[in-house]
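Trainee: Would you mind keeping the following structure in view while I ask a few things?
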Amino acid sequence: MKKVPYDLIVIGSGPGGYSAAIRAGQYGLKTALVEKQARLGGTCLLVGCIPTKALLQTADVWERFVHADKEGIQCENPRLDYPKVKDRKDGIVTKHSNGVGMLLKRAKVERIAGYATLKGGGKVEVRSEAGVQTLEAKNIIVATGSEARMLPGLEPDPEFILTNIEILNLTSVPKSLMVIGAGAVGVEFASIFKRFGTDVTVIEMLPRMVPVEDEDISKELERNFRKQGIRVETGARAENIQKGGQGVKLTLTTRNGKQEELEAEKLLVAVGRKPNTENIGIENTKIELDRGFIKVDQWQETAEPGVYAIGDVVAGTPQLAHVATREGMIAVAHMAGKEAVPINKTRIPGCTYTEPGIGSVGLTEAQAKAAGRKVRVGRFPFGGNSRATILGHHEGFIKVVADETYGEILGVHIIGPEAFELIAEAVAAMEAEATVDVMMQTIHAHPTLYEAVGEAFNAVYGLSINA
Ligand SMILES: Cc1cc2nc3c(=O)[nH]c(=O)nc-3n(C[C@H](O)[C@H](O)[C@H](O)COP(=O)(O)OP(=O)(O)OC[C@H]3O[C@@H](n4cnc5c(N)ncnc54)[C@H](O)[C@@H]3O)c2cc1C
């Protein structure tokens with residue numbers, strides 16, 4: 001048998017790639033990880049999940065200061081030092097990016113700097129300033145992630161037309177911001193900058209915000225955003241976008257067909273993420289694509305034997321960091337001959353870190369009905385939860401979608417305080433195949449936010465106590 005130098009080459013150091021490489025090292029596979037950027041961690045760590053949540057944390061603290069008098073604390077003239085806010089965010093990113101390097105080292109993963117291209121037959125070409133080298137491995141994982149989609153004719157720039165990358169590099173809080181796209185990325189930045197004092201307008205082509213969520217969640221977010229003073233235009237179109245003078249101008253066509261000229265200091269384009277599958281040598285392999293995304297089987301293996309794909313490049317699973325990581329675990333377990341459990345698409349939590357936050361898992365009410373299920377819904381408002389009132393965040397609710405026949409939990413949808421943490425109970429319940437009855441018997445400590453989750457399960461049978 002021909003001897004190849006690596007058991008596994010991973011392309012990309014995002015949450016999918018670096019986690020897969022570490023797991024491969026733990027299993028004793030001789031592993032190399034190729035990354036084209038100077039820093040490790042991919043979109044998630046460098047320009048996605050982590051820096052946005054660092055800013056959101058500061059936005060929360062800032063908001064508390066601004067409204068401190070409500071809690072009997074007089075705070076004279078609090079001042080936001082945005083360059084320092086940015087430094088803190090950058091420090092968190094650097095700490096964790098360096099941490100990834102240390103973890104790879106400990107797992108004995110060889111780090112190779114450069115741009116990787118698939119060459120077929122287990123070969124990967126790596127180009128860097130040092131030259132070109134061809135590596136060979138029994139297995140390859142493509143974890144090249146994604147980048148922001150742009151609207152036709154627009155190019156991002158550091159000043160006016162921003163993607164998630166440029167907006168994270170701003171050194172001051174803009175006076176006004178227009179956001180095109182009300183998916184997770186768009187609404188998170190809208191929520192951050194509104195709280196820092198920016199005048200924010202969100203424009204969404206689809207009829208509702210966060211369109212992948214349950215309809216009731218979208219309605220509640222829209223209501224809350226409007227209450228906070230964010231202008232929300234759904235079912236609307238932004239056209240004729242132009243940079244000029246002090247900012248960006250565009251023509252807005254509202255859902256009623258009314259046209260209006262809008263102007264703001266900055267424009268954020270958040271209209272989705274394009275998989276990085278161009279210029280990586282797909283044509284040298286048997287890999288099949290679906291609208292640019294890589295098709296995989298239940299073990300994440302592509303049509304090219306020994307080549308796996310994970311994370312944002314994969315067709316059919318949501319572009320989320322924890323999905324990338326899980327898919328990496330499945331791919332590595334499969335190639336290492338360990339027990340692997342395919343991803344269950346109905347048990348993937350999704351979190352949107354707005355104010356109020358969103359956490360959801362499983363089917364929406366509409367999806368459950370469309371699937372022919374006999375649906376029973378339980379709903380509990382955070383207004384009936386004492387801990388939420390203590391925290392001063394009693395907006396929103398928890399909605400449980402269950403099957404009437406056996407009380408199977410089909411989906412749980414939360415909007416409100418710490419929704420992104422609270423969803424964990426629902427995910428664990430669904431993974432353990434607990435029914436609504438089991439969750440009704442589960443004791444929830446008092447006073448906690450997660451008592452509201454218990455109440456929502458009781459509400460499926462009209463038995464919640466505090467609402
Ligand atoms: C603003 C924002 C906020 C987000 N917040 C969240 C969140 O809160 N929670 C969540 O779950 N998800 C969030 N996401 C999504 C999350 O970031 C992605 O789902 C995740 O990063 C995907 O991981 P990945 O490993 O597939 O790819 P990536 O993280 O995109 O990493 C891919 C890596 O591959 C490298 N690469 C690409 N091509 C090559 C090549 N040819 N050779 C060598 N290296 C290459 C890239 O440089 C990059 O480092 C957010 C995204 C954005 C933009």
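Numbering starts fresh at 1 for the residues of each chain in the structure tokens, the chains themselves are lettered A, B, ... in the order given, and ligands are numbered from 1 as they appear.
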Using only C-alpha atoms, which protein or nucleic acid residues come within 7 Å of Gly350 of chain A? Drop anything in the same chain fewer than 2 positions from it, and give the result as number ranges by chain.
Mentor: A: 348, 352, 359-361
Trainee: I want to know what sits within 8 Å of segment 99-110 of chain A, based on only C-alpha atoms, with residues of the same chain fewer than 6 positions away left out; could you give that as a ChimeraX atom specification?
Mentor: /A:18,21-23,25-26,30-33,40-41
Trainee: Generate a file of the selected residues that holds N, CA and C atoms, formatted as a PDB file, in the first residue's frame.
Mentor:
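As written to disk, selection05.pdb reads:
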```
ATOM      1  N   TYR A  18     -10.995  23.803  12.935  1.00  0.00           N
ATOM      2  CA  TYR A  18     -10.058  23.617  14.057  1.00  0.00           C
ATOM      3  C   TYR A  18     -10.542  22.537  15.026  1.00  0.00           C
ATOM      4  N   ALA A  21      -9.813  19.166  13.495  1.00  0.00           N
ATOM      5  CA  ALA A  21      -8.383  18.844  13.544  1.00  0.00           C
ATOM      6  C   ALA A  21      -7.988  18.388  14.955  1.00  0.00           C
ATOM      7  N   ILE A  22      -8.517  19.083  15.962  1.00  0.00           N
ATOM      8  CA  ILE A  22      -8.191  18.700  17.347  1.00  0.00           C
ATOM      9  C   ILE A  22      -8.725  17.294  17.651  1.00  0.00           C
ATOM     10  N   ARG A  23      -9.983  17.035  17.248  1.00  0.00           N
ATOM     11  CA  ARG A  23     -10.557  15.713  17.506  1.00  0.00           C
ATOM     12  C   ARG A  23      -9.728  14.634  16.794  1.00  0.00           C
ATOM     13  N   GLY A  25      -6.566  14.760  16.118  1.00  0.00           N
ATOM     14  CA  GLY A  25      -5.343  14.605  16.926  1.00  0.00           C
ATOM     15  C   GLY A  25      -5.614  13.737  18.147  1.00  0.00           C
ATOM     16  N   GLN A  26      -6.763  13.973  18.789  1.00  0.00           N
ATOM     17  CA  GLN A  26      -7.120  13.173  19.978  1.00  0.00           C
ATOM     18  C   GLN A  26      -7.258  11.691  19.621  1.00  0.00           C
ATOM     19  N   LYS A  30      -2.617  11.471  12.198  1.00  0.00           N
ATOM     20  CA  LYS A  30      -1.601  12.466  11.836  1.00  0.00           C
ATOM     21  C   LYS A  30      -2.282  13.539  10.986  1.00  0.00           C
ATOM     22  N   THR A  31      -2.366  14.728  11.549  1.00  0.00           N
ATOM     23  CA  THR A  31      -3.252  15.748  10.978  1.00  0.00           C
ATOM     24  C   THR A  31      -2.525  17.054  10.680  1.00  0.00           C
ATOM     25  N   ALA A  32      -2.866  17.665   9.544  1.00  0.00           N
ATOM     26  CA  ALA A  32      -2.378  19.012   9.221  1.00  0.00           C
ATOM     27  C   ALA A  32      -3.578  19.910   8.997  1.00  0.00           C
ATOM     28  N   LEU A  33      -3.443  21.177   9.399  1.00  0.00           N
ATOM     29  CA  LEU A  33      -4.514  22.149   9.161  1.00  0.00           C
ATOM     30  C   LEU A  33      -3.947  23.303   8.347  1.00  0.00           C
ATOM     31  N   LEU A  40      -5.968  32.397  13.388  1.00  0.00           N
ATOM     32  CA  LEU A  40      -6.827  31.207  13.402  1.00  0.00           C
ATOM     33  C   LEU A  40      -8.212  31.560  13.950  1.00  0.00           C
ATOM     34  N   GLY A  41      -9.201  30.758  13.579  1.00  0.00           N
ATOM     35  CA  GLY A  41     -10.530  30.918  14.177  1.00  0.00           C
ATOM     36  C   GLY A  41     -11.644  31.185  13.188  1.00  0.00           C
TER      37      GLY A  41
END
```
Trainee: Report as a PDB file with N, CA, C and O atoms, in the first residue's frame which protein, DNA and RNA residues come within 6 Å of ligand 1, using only C-alpha atoms and all ligand atoms.
Mentor:
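This went into part_8.pdb:
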```
ATOM      1  N   ILE A  11      -8.832  21.855   5.671  1.00  0.00           N
ATOM      2  CA  ILE A  11      -8.664  23.168   5.029  1.00  0.00           C
ATOM      3  C   ILE A  11      -9.608  24.152   5.707  1.00  0.00           C
ATOM      4  O   ILE A  11     -10.832  24.047   5.591  1.00  0.00           O
ATOM      5  N   GLY A  12      -9.030  25.093   6.450  1.00  0.00           N
ATOM      6  CA  GLY A  12      -9.828  26.113   7.134  1.00  0.00           C
ATOM      7  C   GLY A  12      -9.794  25.930   8.638  1.00  0.00           C
ATOM      8  O   GLY A  12      -9.937  24.811   9.145  1.00  0.00           O
ATOM      9  N   SER A  13      -9.594  27.053   9.355  1.00  0.00           N
ATOM     10  CA  SER A  13      -9.468  26.958  10.826  1.00  0.00           C
ATOM     11  C   SER A  13     -10.638  27.586  11.553  1.00  0.00           C
ATOM     12  O   SER A  13     -10.495  28.070  12.675  1.00  0.00           O
ATOM     13  N   GLY A  14     -11.819  27.630  10.911  1.00  0.00           N
ATOM     14  CA  GLY A  14     -13.019  28.107  11.615  1.00  0.00           C
ATOM     15  C   GLY A  14     -13.435  27.089  12.665  1.00  0.00           C
ATOM     16  O   GLY A  14     -12.722  26.100  12.902  1.00  0.00           O
ATOM     17  N   PRO A  15     -14.595  27.284  13.304  1.00  0.00           N
ATOM     18  CA  PRO A  15     -15.030  26.345  14.342  1.00  0.00           C
ATOM     19  C   PRO A  15     -15.185  24.913  13.826  1.00  0.00           C
ATOM     20  O   PRO A  15     -14.996  23.952  14.573  1.00  0.00           O
ATOM     21  N   GLY A  16     -15.502  24.790  12.530  1.00  0.00           N
ATOM     22  CA  GLY A  16     -15.577  23.451  11.947  1.00  0.00           C
ATOM     23  C   GLY A  16     -14.194  22.850  11.829  1.00  0.00           C
ATOM     24  O   GLY A  16     -13.901  21.774  12.383  1.00  0.00           O
ATOM     25  N   GLY A  17     -13.304  23.555  11.146  1.00  0.00           N
ATOM     26  CA  GLY A  17     -11.974  23.023  10.839  1.00  0.00           C
ATOM     27  C   GLY A  17     -11.096  22.794  12.051  1.00  0.00           C
ATOM     28  O   GLY A  17     -10.517  21.713  12.223  1.00  0.00           O
ATOM     29  N   VAL A  34      -4.591  23.598   7.215  1.00  0.00           N
ATOM     30  CA  VAL A  34      -4.124  24.683   6.347  1.00  0.00           C
ATOM     31  C   VAL A  34      -5.051  25.881   6.514  1.00  0.00           C
ATOM     32  O   VAL A  34      -6.280  25.743   6.421  1.00  0.00           O
ATOM     33  N   GLU A  35      -4.468  27.044   6.767  1.00  0.00           N
ATOM     34  CA  GLU A  35      -5.262  28.274   6.912  1.00  0.00           C
ATOM     35  C   GLU A  35      -4.585  29.379   6.113  1.00  0.00           C
ATOM     36  O   GLU A  35      -3.395  29.598   6.238  1.00  0.00           O
ATOM     37  N   LYS A  36      -5.418  30.096   5.338  1.00  0.00           N
ATOM     38  CA  LYS A  36      -4.855  31.151   4.478  1.00  0.00           C
ATOM     39  C   LYS A  36      -4.645  32.474   5.220  1.00  0.00           C
ATOM     40  O   LYS A  36      -3.859  33.308   4.806  1.00  0.00           O
ATOM     41  N   GLN A  37      -5.386  32.656   6.313  1.00  0.00           N
ATOM     42  CA  GLN A  37      -5.246  33.915   7.052  1.00  0.00           C
ATOM     43  C   GLN A  37      -4.164  33.796   8.120  1.00  0.00           C
ATOM     44  O   GLN A  37      -3.865  32.693   8.591  1.00  0.00           O
ATOM     45  N   GLY A  41      -9.201  30.758  13.579  1.00  0.00           N
ATOM     46  CA  GLY A  41     -10.530  30.918  14.177  1.00  0.00           C
ATOM     47  C   GLY A  41     -11.644  31.185  13.188  1.00  0.00           C
ATOM     48  O   GLY A  41     -12.822  31.073  13.526  1.00  0.00           O
ATOM     49  N   GLY A  42     -11.307  31.573  11.953  1.00  0.00           N
ATOM     50  CA  GLY A  42     -12.318  31.731  10.908  1.00  0.00           C
ATOM     51  C   GLY A  42     -13.291  32.869  11.168  1.00  0.00           C
ATOM     52  O   GLY A  42     -13.048  33.748  12.002  1.00  0.00           O
ATOM     53  N   THR A  43     -14.391  32.838  10.447  1.00  0.00           N
ATOM     54  CA  THR A  43     -15.415  33.889  10.547  1.00  0.00           C
ATOM     55  C   THR A  43     -15.903  34.016  11.984  1.00  0.00           C
ATOM     56  O   THR A  43     -15.992  35.110  12.536  1.00  0.00           O
ATOM     57  N   CYS A  44     -16.226  32.879  12.584  1.00  0.00           N
ATOM     58  CA  CYS A  44     -16.831  32.865  13.918  1.00  0.00           C
ATOM     59  C   CYS A  44     -15.995  33.656  14.923  1.00  0.00           C
ATOM     60  O   CYS A  44     -16.487  34.562  15.582  1.00  0.00           O
ATOM     61  N   GLY A  48     -17.225  37.248  13.431  1.00  0.00           N
ATOM     62  CA  GLY A  48     -18.603  36.744  13.512  1.00  0.00           C
ATOM     63  C   GLY A  48     -19.082  36.643  14.941  1.00  0.00           C
ATOM     64  O   GLY A  48     -19.176  37.632  15.671  1.00  0.00           O
ATOM     65  N   CYS A  49     -19.348  35.415  15.366  1.00  0.00           N
ATOM     66  CA  CYS A  49     -19.979  35.151  16.665  1.00  0.00           C
ATOM     67  C   CYS A  49     -19.327  35.903  17.817  1.00  0.00           C
ATOM     68  O   CYS A  49     -20.015  36.558  18.602  1.00  0.00           O
ATOM     69  N   GLY A 114      -1.133  29.070   4.380  1.00  0.00           N
ATOM     70  CA  GLY A 114      -1.210  29.190   2.927  1.00  0.00           C
ATOM     71  C   GLY A 114      -2.607  28.945   2.402  1.00  0.00           C
ATOM     72  O   GLY A 114      -3.535  28.643   3.159  1.00  0.00           O
ATOM     73  N   TYR A 115      -2.737  29.091   1.092  1.00  0.00           N
ATOM     74  CA  TYR A 115      -4.016  28.931   0.413  1.00  0.00           C
ATOM     75  C   TYR A 115      -4.077  27.523  -0.177  1.00  0.00           C
ATOM     76  O   TYR A 115      -3.223  27.143  -0.985  1.00  0.00           O
ATOM     77  N   ALA A 116      -5.082  26.753   0.218  1.00  0.00           N
ATOM     78  CA  ALA A 116      -5.161  25.346  -0.204  1.00  0.00           C
ATOM     79  C   ALA A 116      -6.081  25.169  -1.404  1.00  0.00           C
ATOM     80  O   ALA A 116      -7.133  25.801  -1.496  1.00  0.00           O
ATOM     81  N   THR A 117      -5.657  24.297  -2.304  1.00  0.00           N
ATOM     82  CA  THR A 117      -6.483  23.936  -3.459  1.00  0.00           C
ATOM     83  C   THR A 117      -6.512  22.417  -3.574  1.00  0.00           C
ATOM     84  O   THR A 117      -5.461  21.763  -3.463  1.00  0.00           O
ATOM     85  N   ALA A 143     -13.313  22.814   4.976  1.00  0.00           N
ATOM     86  CA  ALA A 143     -14.012  23.634   5.982  1.00  0.00           C
ATOM     87  C   ALA A 143     -13.691  25.094   5.688  1.00  0.00           C
ATOM     88  O   ALA A 143     -13.239  25.841   6.559  1.00  0.00           O
ATOM     89  N   THR A 144     -13.919  25.469   4.430  1.00  0.00           N
ATOM     90  CA  THR A 144     -13.498  26.799   3.975  1.00  0.00           C
ATOM     91  C   THR A 144     -14.513  27.901   4.271  1.00  0.00           C
ATOM     92  O   THR A 144     -14.276  29.069   3.947  1.00  0.00           O
ATOM     93  N   GLY A 145     -15.653  27.546   4.852  1.00  0.00           N
ATOM     94  CA  GLY A 145     -16.581  28.553   5.370  1.00  0.00           C
ATOM     95  C   GLY A 145     -17.280  29.396   4.324  1.00  0.00           C
ATOM     96  O   GLY A 145     -17.549  28.936   3.203  1.00  0.00           O
ATOM     97  N   SER A 146     -17.564  30.638   4.707  1.00  0.00           N
ATOM     98  CA  SER A 146     -18.381  31.489   3.841  1.00  0.00           C
ATOM     99  C   SER A 146     -17.949  32.942   3.959  1.00  0.00           C
ATOM    100  O   SER A 146     -17.179  33.306   4.844  1.00  0.00           O
ATOM    101  N   ASN A 164     -20.083  42.539   7.651  1.00  0.00           N
ATOM    102  CA  ASN A 164     -19.742  42.256   9.052  1.00  0.00           C
ATOM    103  C   ASN A 164     -18.278  42.590   9.360  1.00  0.00           C
ATOM    104  O   ASN A 164     -17.934  42.909  10.497  1.00  0.00           O
ATOM    105  N   VAL A 185     -27.589  38.176  11.300  1.00  0.00           N
ATOM    106  CA  VAL A 185     -26.477  39.145  11.297  1.00  0.00           C
ATOM    107  C   VAL A 185     -27.011  40.574  11.291  1.00  0.00           C
ATOM    108  O   VAL A 185     -26.585  41.423  12.091  1.00  0.00           O
ATOM    109  N   ILE A 280     -11.242  26.600  -5.141  1.00  0.00           N
ATOM    110  CA  ILE A 280     -10.584  25.678  -4.199  1.00  0.00           C
ATOM    111  C   ILE A 280     -10.359  24.309  -4.861  1.00  0.00           C
ATOM    112  O   ILE A 280     -10.085  23.331  -4.180  1.00  0.00           O
ATOM    113  N   GLY A 311     -19.543  22.468   7.883  1.00  0.00           N
ATOM    114  CA  GLY A 311     -19.756  23.893   8.167  1.00  0.00           C
ATOM    115  C   GLY A 311     -20.484  24.647   7.080  1.00  0.00           C
ATOM    116  O   GLY A 311     -21.329  24.098   6.364  1.00  0.00           O
ATOM    117  N   ASP A 312     -20.140  25.919   6.947  1.00  0.00           N
ATOM    118  CA  ASP A 312     -20.898  26.835   6.084  1.00  0.00           C
ATOM    119  C   ASP A 312     -20.885  26.458   4.609  1.00  0.00           C
ATOM    120  O   ASP A 312     -21.699  26.968   3.847  1.00  0.00           O
ATOM    121  N   GLN A 319     -26.068  27.689   8.498  1.00  0.00           N
ATOM    122  CA  GLN A 319     -24.696  28.216   8.641  1.00  0.00           C
ATOM    123  C   GLN A 319     -24.508  28.734  10.070  1.00  0.00           C
ATOM    124  O   GLN A 319     -24.665  29.922  10.342  1.00  0.00           O
ATOM    125  N   LEU A 320     -24.166  27.809  10.949  1.00  0.00           N
ATOM    126  CA  LEU A 320     -23.970  28.133  12.361  1.00  0.00           C
ATOM    127  C   LEU A 320     -22.689  27.468  12.855  1.00  0.00           C
ATOM    128  O   LEU A 320     -22.346  26.360  12.405  1.00  0.00           O
ATOM    129  N   ALA A 321     -22.031  28.122  13.804  1.00  0.00           N
ATOM    130  CA  ALA A 321     -20.745  27.614  14.291  1.00  0.00           C
ATOM    131  C   ALA A 321     -20.875  26.216  14.900  1.00  0.00           C
ATOM    132  O   ALA A 321     -20.049  25.328  14.641  1.00  0.00           O
ATOM    133  N   HIS A 322     -21.917  26.014  15.718  1.00  0.00           N
ATOM    134  CA  HIS A 322     -22.050  24.717  16.392  1.00  0.00           C
ATOM    135  C   HIS A 322     -22.409  23.607  15.412  1.00  0.00           C
ATOM    136  O   HIS A 322     -22.129  22.433  15.676  1.00  0.00           O
ATOM    137  N   ALA A 324     -21.134  23.559  12.314  1.00  0.00           N
ATOM    138  CA  ALA A 324     -19.817  23.282  11.716  1.00  0.00           C
ATOM    139  C   ALA A 324     -19.022  22.339  12.623  1.00  0.00           C
ATOM    140  O   ALA A 324     -18.425  21.352  12.166  1.00  0.00           O
TER     141      ALA A 324
END
```
Trainee: As a JSON list (two decimals) with C-alpha atoms, in the first residue's frame, please: the residues near Asp87 of chain A (cut-off 12 Å, only C-alpha atoms, same-chain neighbours under 6 positions excluded).
Mentor:
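See out-v8.json below for the written result:
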```json
[["chain", "number", "residue", "atom", "x", "y", "z"],
["A", 51, "PRO", "CA", -16.70, 39.95, 18.30],
["A", 54, "ALA", "CA", -18.47, 41.06, 22.84],
["A", 55, "LEU", "CA", -20.07, 44.27, 21.51],
["A", 58, "THR", "CA", -21.02, 46.08, 26.23],
["A", 81, "ASP", "CA", -15.55, 55.32, 25.08],
["A", 93, "VAL", "CA", -10.75, 37.80, 19.71],
["A", 94, "THR", "CA", -6.94, 37.74, 20.00],
["A", 168, "LEU", "CA", -16.57, 45.53, 13.34],
["A", 169, "ASN", "CA", -13.63, 47.81, 12.53],
["A", 170, "LEU", "CA", -15.50, 51.09, 13.07],
["A", 171, "THR", "CA", -13.74, 53.27, 15.62],
["A", 172, "SER", "CA", -16.76, 55.39, 16.49]]
```
Trainee: Run DSSP on the backbone of this structure and report the residues of segment 260-419 of chain A it assigns to alpha helix (DSSP H), as a PDB file with C-alpha atoms, in the first residue's frame.
Mentor:
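Listed below is the output, result_36.pdb:
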```pdb
ATOM      1  CA  ALA A 321     -20.745  27.614  14.291  1.00  0.00           C
ATOM      2  CA  HIS A 322     -22.050  24.717  16.392  1.00  0.00           C
ATOM      3  CA  VAL A 323     -23.300  22.972  13.244  1.00  0.00           C
ATOM      4  CA  ALA A 324     -19.817  23.282  11.716  1.00  0.00           C
ATOM      5  CA  THR A 325     -18.271  21.806  14.873  1.00  0.00           C
ATOM      6  CA  ARG A 326     -20.744  18.910  15.086  1.00  0.00           C
ATOM      7  CA  GLU A 327     -20.283  18.089  11.431  1.00  0.00           C
ATOM      8  CA  GLY A 328     -16.539  18.037  12.013  1.00  0.00           C
ATOM      9  CA  MET A 329     -16.965  15.547  14.872  1.00  0.00           C
ATOM     10  CA  ILE A 330     -19.096  13.299  12.639  1.00  0.00           C
ATOM     11  CA  ALA A 331     -16.600  13.397   9.755  1.00  0.00           C
ATOM     12  CA  VAL A 332     -13.592  12.641  11.948  1.00  0.00           C
ATOM     13  CA  ALA A 333     -15.349   9.859  13.879  1.00  0.00           C
ATOM     14  CA  HIS A 334     -16.378   8.268  10.602  1.00  0.00           C
ATOM     15  CA  MET A 335     -12.899   8.354   9.038  1.00  0.00           C
ATOM     16  CA  GLU A 365     -45.870  25.828  14.349  1.00  0.00           C
ATOM     17  CA  ALA A 366     -46.377  26.333  10.595  1.00  0.00           C
ATOM     18  CA  GLN A 367     -43.782  23.669   9.704  1.00  0.00           C
ATOM     19  CA  ALA A 368     -45.333  21.172  12.126  1.00  0.00           C
ATOM     20  CA  LYS A 369     -48.789  21.742  10.646  1.00  0.00           C
ATOM     21  CA  ALA A 370     -47.427  21.512   7.106  1.00  0.00           C
ATOM     22  CA  SER A 386     -40.528  36.898  38.634  1.00  0.00           C
ATOM     23  CA  ARG A 387     -36.829  36.543  37.740  1.00  0.00           C
ATOM     24  CA  ALA A 388     -37.462  38.290  34.395  1.00  0.00           C
ATOM     25  CA  THR A 389     -39.107  41.169  36.225  1.00  0.00           C
ATOM     26  CA  ILE A 390     -36.194  41.356  38.690  1.00  0.00           C
ATOM     27  CA  LEU A 391     -33.793  41.568  35.743  1.00  0.00           C
ATOM     28  CA  ALA A 419     -33.313  33.073  25.325  1.00  0.00           C
TER      29      ALA A 419
END
```
Trainee: Identify which of the residues A:Arg111, A:His413, A:Lys243, A:Lys219 lies closest to Glu155 of chain A, counting only C-alpha atoms when measuring atom-to-atom distances.
Mentor: A:Lys243
Trainee: How would you write, as a PyMOL selection string, the set of residues in segment 243-382 of chain A that DSSP gives as strand (DSSP E)?
Mentor: chain A and resi 243-244+247-253+259-264+266-269+273-275+289-290+293-294+307-309+350-352+357-362+375-381
Trainee: Which of these residues is nearest to Ala432 of chain A, using only C-alpha atoms: A:Thr285, A:Val200, A:Ala182, A:Arg347?
Mentor: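 The shortest atom-to-atom distance to Ala432 of chain A comes from A:Arg347.
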Trainee: Find the residue from A:His394, A:Ile50, A:Gln300, A:Val412 that sits nearest to Leu363 of chain A; use only C-alpha atoms when measuring.
Mentor: A:Val412
Trainee: Could you pull the residues within 12 Å of Tyr461 of chain A, counting only C-alpha atoms, minus those fewer than 2 positions along the same chain, as a list in words?
Mentor: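 The residues satisfying every condition are Val375, Arg376, Val377, Gly378, Arg379, Phe380, Val400, Val401, Ala402, Asp403, Glu404, Gly407, Val436, Asp437, Met440, Glu455, Ala456, Phe457, Asn458, Ala459, Leu463, Ser464 and Ile465 of chain A.
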Trainee: Could you check how far atom CA of Leu177 of chain A sits from atom CA of Lys266 of chain A, in Å to one decimal?
Mentor: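 About the pair atom CA of Leu177 of chain A and atom CA of Lys266 of chain A: they are 4.9 Å apart.
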